[in-house]
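Single-structure report; data block below.
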Number of protein chains: 2
Amino acid sequence: MTDTFSALVSPKSVALVGASEDVARIGGRPLRYLREAGFGGSIMPVNPKRETVQGLTCHPDIASLPEVPDTAILAVPARATLDTVHACLDKGVKSAVIFSAGFAETGADGQRVQEEIANVAREGGLRLLGPNCLGVMNPAKGYYGTFSVVLDNALLNPGVVGIVSQSGAYGAHIAHLARARNMGISQWITTGNECDVDVSEALDWMVQQPETRVVMAYAEGVRDYERFIDALEKAQSLGKAIVFMKTGRSSAGAVAAASHTAALAGSDSVFDAVLRQYGAHRAASTAEQIDVAYACATGNYPTGNKVGIFTLSGGFGIQLADDAESAGLDVAPMPDDAQIRLKEMLPYSAPRNPVDATAQAVNDLDLLTRYVRAMMAEGGYDLFAGILGTAPTSKTFAEPLKRAFLAAMEGQEDKLRALTITAPADVVRTYEDDGFLVFEDGKSLAGALSALCRFAEGFARFKSRKEIAPAARLDLGKGPLSEARAKEILSRAGLDFPPEILVPVGGDVAGAAATLGYPVVLKVCSADIAHKTEVDGVAVNIRTPEDAVRAAEKIERRVREERPDARLDGILVAPMVGDGVEIIAGVTHDPVLGPVVLFGLGGVFVEVLKDVTFRAAPFDIDEAHRMIRDIRGFPMLEGVRGAPPCDVDALARMLSDLSRFAAAHADRIESIDLNPVRVMPQGQGVMPLDALIILKEEDSR
Amino acid sequence: MTDTFSALVSPKSVALVGASEDVARIGGRPLRYLREAGFGGSIMPVNPKRETVQGLTCHPDIASLPEVPDTAILAVPARATLDTVHACLDKGVKSAVIFSAGFAETGADGQRVQEEIANVAREGGLRLLGPNCLGVMNPAKGYYGTFSVVLDNALLNPGVVGIVSQSGAYGAHIAHLARARNMGISQWITTGNECDVDVSEALDWMVQQPETRVVMAYAEGVRDYERFIDALEKAQSLGKAIVFMKTGRSSAGAVAAASHTAALAGSDSVFDAVLRQYGAHRAASTAEQIDVAYACATGNYPTGNKVGIFTLSGGFGIQLADDAESAGLDVAPMPDDAQIRLKEMLPYSAPRNPVDATAQAVNDLDLLTRYVRAMMAEGGYDLFAGILGTAPTSKTFAEPLKRAFLAAMEGQEDKLRALTITAPADVVRTYEDDGFLVFEDGKSLAGALSALCRFAEGFARFKSRKEIAPAARLDLGKGPLSEARAKEILSRAGLDFPPEILVPVGGDVAGAAATLGYPVVLKVCSADIAHKTEVDGVAVNIRTPEDAVRAAEKIERRVREERPDARLDGILVAPMVGDGVEIIAGVTHDPVLGPVVLFGLGGVFVEVLKDVTFRAAPFDIDEAHRMIRDIRGFPMLEGVRGAPPCDVDALARMLSDLSRFAAAHADRIESIDLNPVRVMPQGQGVMPLDALIILKEEDSR
């Protein structure tokens with residue numbers, strides 16, 4: 001007995017409902033492909049109008065099938081789909097693929113029909129793929145439950161690369177590109193309108209298949225983040241790479257426009273954060289997606305990011321060094337003494353790194369072998385990147401040249417070896433067959449190697465990670481919450497705040513200020529006033545008792561004028577903190593993912609440069625450190641213009657504590673703003689100067 | 001009579017010195033290629049050891065040649081090169097290509113020999129290409145003066161794309177890629193060590209050839225900026241595109257480390273600025289270089305950047321919209337009423353932009369034609385970008401599908417039409433033959449179309465540009481120059497400064513402050529003190545006469561302690577300017593290019609984010625406006641957080657005036673620093689608060 005998901009992707013028997021004699025039609029193509037691939041299971045065409053289809057016995061309807069198929073392919077019009085699903089249920093079929101469009105994507109009517117189909121299927125225990133999808137492929141099994149024209153000229157080779165795509169067209173496109181790049185496919189699943197199986201589930205299943213080493217995925221969005229994150233974690237734990245194309249960045253436009261934390265979290269930013277957090281690679285282009293998946297297909301990941309660049313041409317060497325540095329690889333120079341030895345072997349060579357052996361190096365292949373062997377033995381490189389250019393163009397020379405490199409790297413088989421070659425595809429193939437990764441473009445090579453390094457880091461991180469302790473559940477009371485109350489709650493969650501004194505209306509403001517020491521800040525404290533500056537509710541840099549009294553009176557007067565309805569708790573007196581670097585931190589509630597933590601530098605960094613980063617809550621201190629280093633303005637926290645380095649450890653602790661608190665109270669918290677927070681010099685902690693917690697609406701009043 | 005440069009690239013007769021019978025050797029390959037290409041001129045092999053070479057009569061030496069060849073290809077060892085050059089001169093040969101390596105790239109000895117060869121040739125009137133180069137190709141003439149193995153399997157097709165490359169290997173690489181992309185080559189020149197002909201001259205010549213529409217260029221650096229800029233301007237004036245790959249960005253690391261203007265100008269930044277200023281495209285990768293050149297090869301440039309995206313698949317449409325927006329194209333929505341009409345034609349379509357016709361659109365090609373015609377007629381798009389995906393995979397369908405689009409765009413032949421297609425190369429070729437640009441990747445398509453728009457803007461800008469009036473020559477006197485003197489000079493050059501009073505030592509500082517109005521700033525004024533804050537020579541925010549007197553005394557005391565040698569002119573009293581946005585501007589002298597103007601926002605923008613931009617001096621106000629908009633932090637000048645918009649017009653005037661002054665005094669000025677400058681609210685000008693002019697060393701003392 002096959003489990004239902006495997007029944008869908010790896011069936012032993014298949015019914016094709018709406019089977020057609022015409023191999024160019026939707027109902028004809030799957031049959032043609034299955035037969036061309038020599039599918040080993042039983043194929044049962046269903047069509048009431050025919051005795052045979054493409055030479056196979058045809059059945060008038062699902063009820064008459066001689067056995068219950070593992071899966072049914074429904075190549076029937078949208079309007080006939082519901083009845084066909086009923087027929088599948090009556091027969092006891094466990095999985096089906098719905099090709100037809102004309103459902104949710106067309107509007108409310110289509111949406112309704114689609115939901116009815118989904119409900120009927122779910123109640124009857126029938127798993128559905130689609131509708132409006134291109135189906136599934138499983139080349140190793142010869143199973144092609146698809147009508148994609150991408151197979152018109154050739155089927156796919158079996159291999160280690162899985163493909164999961166919401167969009168059938170995109171899935172077909174990358175299958176085509178992968179095939180052209182000599183990559184074999186393990187499974188291929190398109191989810192379309194996702195009335196049942198979605199990208200998260202397909203991904204989750206696919207990363208667990210032993211033959212799959214890397215998955216190329218495509219989605220416009222994710223419906224089920226829990227399962228999605230689960231799939232990403234499974235991939236990390238198994239050392240498998242996920243290379244994602246996510247479209248719909250334009251919603252980042254929303255991020256660009258906004259200036260406060262609640263509006264900063266667009267769904268695209270959140271998606272991006274989750275991929276980063278759980279070690280998947282987000283490709284910026286389809287070409288990059290293919291390049292990175294191609295590199296991952298070896299299953300061989302580097303232990304470090306030091307790359308030795310070998311070149312026969314100085315110009316290409318400089319170009320690749322540029323690209324490697326941009327991609328974050330370490331183009332570390334050869335040790336000085338090793339450079340001297342290399343220079344003795346090949347006097348015209350420039351053996352720093354890039355190691356430029358010049359075109360002359362190919363005149364003596366034994367020498368070339370010794371030279372490259374010395375480079376890799378003494379350079380301490382994790383990765384070898386060689387630029388061969390047109391040298392292997394002639395097929396008679398390509399083979400001895402390749403053997404020279406293989407000999408040079410004997411005993412270093414664990415090290416990744418990548419090449420750029422300008423030569424015909426069949427020559428490239430011979431290099432690939434001997435374990436070289438071959439790229440046409442140095443930039444692609446550098447980007448792919450860099451992605452491998454990040455995957456390797458992610459796998460190692462996953463191995464060493466500890467369970468995140470859940471935060472204690474606190475009684476948040478009823479909203480709205482005043483600043484003082486928000487700070488009190490967050491203090492209990494582990495955050496540190498500067499000392500503050502809440503002075504009741506008409507109380508001794510000057511006394512409180514004297515206790516804290518001048519200069520001080522005065523702020524109106526009211527649960528009804530979320531944005532204090534808008535009602536002139538803040539006075540900064542107060543230096544004398546007289547100024548303190550006058551400022552407190554003015555604040556009270558203004559607030560009463562502006563917001564006569566607001567209940568005043570009093571005036572918060574706080575020390576003036578001018579040191580350190582200003583940052584903002586916050587929590588937003590993503591409608592799909594749940595609580596998301598935001599971090600950025602204050603002021604223009606967020607408002608003009610949109611230099612913010614996100615993480616799904618909760619996360620640990622290590623992840624917080626990575627988060628802090630995401631932003632372009634990070635050097636600000638290391639100390640610039642003679643400023644001392646900031647207490648980044650304390651900041652990481654604060655962000656992690658904030659994330660744990662947010663996760664533990666996800667049901668109650670709409671958003672949190674800590675703005676501004678001053679990150680003090682090393683050892684002096686962080687000072688959140690303001691805090692705002694907004695509870696979810698049902699809680700607020 | 002052929003001019004010498006044409007003799008090199010388009011010779012009517014050629015001698016091959018060092019001719020070899022072996023078609024795989026450096027001295028054999030050119031002969032093989034010339035014969036395969038059916039070169040029409042006379043070919044004269046030279047080799048003292050042979051009677052014939054590859055079937056042609058061979059001559060013992062250059063002296064014995066039956067005629068004076070237009071060019072000589074020297075396939076001789078480095079050590080024989082000088083003698084061979086002498087022999088060429090004796091014969092009266094006007095141009096030669098030197099293949100051999102072993103010259104300047106190997107060290108001082110090689111450099112010496114190379115210089116001797118260059119001197120001998122220059123004196124005798126012999127133009128040289130190389131040494132250490134791969135030579136030239138001119139496919140239309142069947143002339144292949146090269147030993148590149150890139151021709152091993154096929155020659156190049158003639159066409160409109162020129163290639164100029166310092167690196168022979170890179171030149172061969174992009175020739176290979178261009179051939180694979182169905183692009184024909186007009187001329188191909190590699191310059192190698194550039195002992196005579198350099199990239200600038202080759203580029204200058206190539207853009208003037210009528211058959212060349214676009215040039216792909218490669219350089220690690222430029223020796224002659226005057227000629228280089230001249231070539232870029234000629235290209236702009238002729239409406240020809242230059243697509244540049246410049247390596248050596250790593251020197252941008254120097255930019256990254258530095259915080260003051262003098263160190264900020266790395267040669268790579270300067271190169272980058274010049275390309276931007278003169279409308280050439282700098283490619284970030286070889287793939288991008290090929291894509292952009294491919295798009296430019298039509299010679300058809302758009303009149304605007306509004307792109308209509310047509311797709312058969314929703315997912316691809318979103319992806320291309322993302323990419324187009326990122327690339328700076330305008331994905332403007334269809335007018336509302338036009339959307340209604342499109343929706344009536346194809347009820348399931350989503351006709352906003354991207355216009356998603358869904359896969360169903362291909363079921364009725366007449367309808368598809370009407371639909372696309374309406375889209376382009378009513379959308380007002382300058383560019384059409386269509387995503388066909390796998391639809392044209394079947395060759396029988398590819399043709400009618402193509403005709404449907406051609407019919408839709410009848411009468412709109414001026415509009416650029418680009419497609420992404422996932423189909424075999426021969427199908428793609430048929431679309432290209434009918435005027436479609438075809439890309440595999442949407443991101444490549446978007447980047448290339450965006451580059452076309454920028455080229456078009458550059459061509460238009462060049463047409464409408466006016467001569468830049470040279471600045472008047474001023475007497476700068478002897479250096480070093482004090483702040484007051486620097487401001488006086490720059491005032492005469494047209495820059496505005498806030499009013500200031502120079503009070504001699506012991507003079508009436510309080511009186512001067514009263515004249516200007518409090519608060520004021522006091523600054524030590526001394527030609528010997530370039531960095532005033534380092535000697536505590538500045539006091540800001542002085543609010544009373546007592547404070548003014550005390551601060552002046554303290555400055556004098558401190559300066560006398562720190563720099564007893566310095567001649568004090570006195571104390572500069574200036575109003576305290578706190579409004580506006582802080583920027584920095586400056587001039588540096590690039591060793592190759594000459595005076596370069598720098599601009600950036602002050603503070604962290606320059607120091608942490610390296611958000612600066614450069615221009616070659618002089619430039620006009622329009623160019624200054626473009627310069628100002630280069631930086632990421634530009635929104636700061638438009639007003640953020642409720643700040644008023646800044647006087648960007650005044651800033652542009654200041655930068656242009658500064659550039660004209662710098663150009664007029666390039667012989668005397670080492671650097672200028674205006675740091676900080678406050679850009680005041682609109683209509684209130686700019687306030688350079690400090691000015692430092694450093695004269696060139698020979699002038700300073």
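Letters for chains follow the order of the structure tokens (A, B, ...), residue numbers begin at 1 for each chain, and ligand numbers begin at 1 in the order shown.
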Exercise. Dump as a ChimeraX atom specification the residues of chain A that approach chain B to within 7 Å, counting only C-alpha atoms.
Key: /A:106,149-150,167,169-170,173,247-250,285-287,313,315-316,318-319,322,348,389-390,393,422,441,443,608-609,633,635-636
Exercise. Fewer than 3 positions away in the same chain doesn't count, so skip those; otherwise give me all residues within 7 Å of A:Leu128, counting only C-alpha atoms, as number ranges by chain.
Key: A: 95-97, 196-197
Exercise. Please return as number ranges by chain: the residues of stretch 509-698 of chain A that backbone DSSP assigns to strand (DSSP E).
Key: A: 520-525, 538-542, 570-575, 581-590, 594-601, 612-616, 669-679, 686-688, 692-695
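Every protein or nucleic acid residue with an atom no more than 10 Å from A:Ala460, counting only C-alpha atoms and leaving out same-chain residues fewer than 6 positions away, appears here: Gln236, Ser237, Gly239, Thr303 and Arg454 of chain A.
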Could you save the residues just selected, with N, CA, C and O atoms, as a compact mmCIF listing (two decimals), in the first residue's frame?
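Result saved to again20.txt:
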```
# COMPACT_ATOMS: atom_id res chain seq x y z
N GLN A 236 17.44 21.38 6.19
CA GLN A 236 18.70 21.69 6.88
C GLN A 236 19.23 20.48 7.63
O GLN A 236 20.43 20.20 7.61
N SER A 237 18.32 19.79 8.30
CA SER A 237 18.77 18.65 9.11
C SER A 237 19.32 17.54 8.23
O SER A 237 20.20 16.79 8.63
N GLY A 239 20.83 18.12 5.36
CA GLY A 239 21.92 18.64 4.53
C GLY A 239 21.50 18.82 3.08
O GLY A 239 22.30 18.62 2.17
N THR A 303 34.07 23.47 3.47
CA THR A 303 34.17 23.69 4.92
C THR A 303 34.57 25.13 5.25
O THR A 303 34.63 25.50 6.41
N ARG A 454 27.25 29.32 2.18
CA ARG A 454 26.16 29.69 3.10
C ARG A 454 25.32 28.47 3.48
O ARG A 454 24.89 28.33 4.62
```
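Our summary of the geometry notes that atom CA of B:Gly379 is positioned 7.2 Å from atom CA of B:Gly308.
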Quiz prompt | For stretch 34-38 of chain A: contacts at 7 Å, only C-alpha atoms, fewer than 6 positions along chain excluded, given as a list of chain:residue names | solution = A:Gly142, A:Tyr143, A:Tyr144
Would you write out those residues with all heavy atoms, as a short mmCIF file (atom, residue, chain, number, x, y, z; two decimals), in the first residue's frame?
```
data_model
loop_
_atom_site.label_atom_id
_atom_site.label_comp_id
_atom_site.auth_asym_id
_atom_site.auth_seq_id
_atom_site.Cartn_x
_atom_site.Cartn_y
_atom_site.Cartn_z
N GLY A 142 9.58 6.71 -14.70
CA GLY A 142 8.92 6.83 -16.00
C GLY A 142 7.51 7.36 -15.87
O GLY A 142 6.67 7.17 -16.75
N TYR A 143 7.22 8.05 -14.76
CA TYR A 143 5.86 8.56 -14.56
C TYR A 143 5.76 10.03 -14.95
O TYR A 143 6.46 10.88 -14.39
CB TYR A 143 5.42 8.36 -13.10
CG TYR A 143 4.03 8.93 -12.88
CD1 TYR A 143 2.94 8.36 -13.56
CD2 TYR A 143 3.80 10.01 -12.06
CE1 TYR A 143 1.66 8.88 -13.41
CE2 TYR A 143 2.53 10.54 -11.91
CZ TYR A 143 1.46 9.97 -12.60
OH TYR A 143 0.20 10.50 -12.47
N TYR A 144 4.89 10.32 -15.91
CA TYR A 144 4.69 11.69 -16.39
C TYR A 144 3.22 12.05 -16.36
O TYR A 144 2.51 11.88 -17.34
CB TYR A 144 5.26 11.84 -17.80
CG TYR A 144 6.78 11.80 -17.82
CD1 TYR A 144 7.48 10.61 -17.95
CD2 TYR A 144 7.51 12.99 -17.67
CE1 TYR A 144 8.86 10.58 -17.93
CE2 TYR A 144 8.90 12.97 -17.65
CZ TYR A 144 9.57 11.77 -17.78
OH TYR A 144 10.93 11.75 -17.76
#
```
Quiz item: What's the 12 Å shell around B:Ile43, counting only C-alpha atoms, without same-chain residues fewer than 5 positions away, as a count of residues only?
Solution: 36
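Take atom CA of B:Asp366 and atom CA of B:Glu344: the distance between them is 15.0 Å.
Comparing A:Glu534, A:Glu562, A:Glu500, A:Glu488 by their smallest distance to A:Pro575, the closest is A:Glu500 (using only C-alpha atoms).
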Self-check item: stretch 589-601 of chain A surroundings by only C-alpha atoms, 6 Å radius, close-in-sequence under 6 positions cut, as JSON, numbers by chain
Solution: {"A": [225, 583, 612, 613, 614, 615, 616, 617, 670]}
Same residues, C-alpha atoms, output as an mmCIF file, in the first residue's frame:
```
data_model
loop_
_atom_site.group_PDB
_atom_site.id
_atom_site.type_symbol
_atom_site.label_atom_id
_atom_site.label_comp_id
_atom_site.auth_asym_id
_atom_site.auth_seq_id
_atom_site.Cartn_x
_atom_site.Cartn_y
_atom_site.Cartn_z
ATOM 1 C CA TYR A 225 4.180 28.875 7.334
ATOM 2 C CA ILE A 583 18.311 51.767 16.765
ATOM 3 C CA VAL A 612 15.800 47.083 8.108
ATOM 4 C CA THR A 613 15.720 43.340 8.617
ATOM 5 C CA PHE A 614 13.192 40.835 9.915
ATOM 6 C CA ARG A 615 13.110 37.445 11.650
ATOM 7 C CA ALA A 616 10.316 35.075 12.544
ATOM 8 C CA ALA A 617 9.877 34.801 16.324
ATOM 9 C CA GLU A 670 -0.625 43.007 17.626
#
```
Quiz item: With distances taken over only C-alpha atoms, which of B:Gly602, B:Gly586, B:Gly511, B:Gly41 is nearest to B:Leu637?
Solution: B:Gly602
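Nearest to A:Arg276 of all the residues A:Asp630, A:Val427, A:Val292, A:Asn193 is A:Asp630, counting only C-alpha atoms.
If you look at atom CA of B:Leu516 and atom CA of B:Ala539, they are 15.7 Å away from each other.
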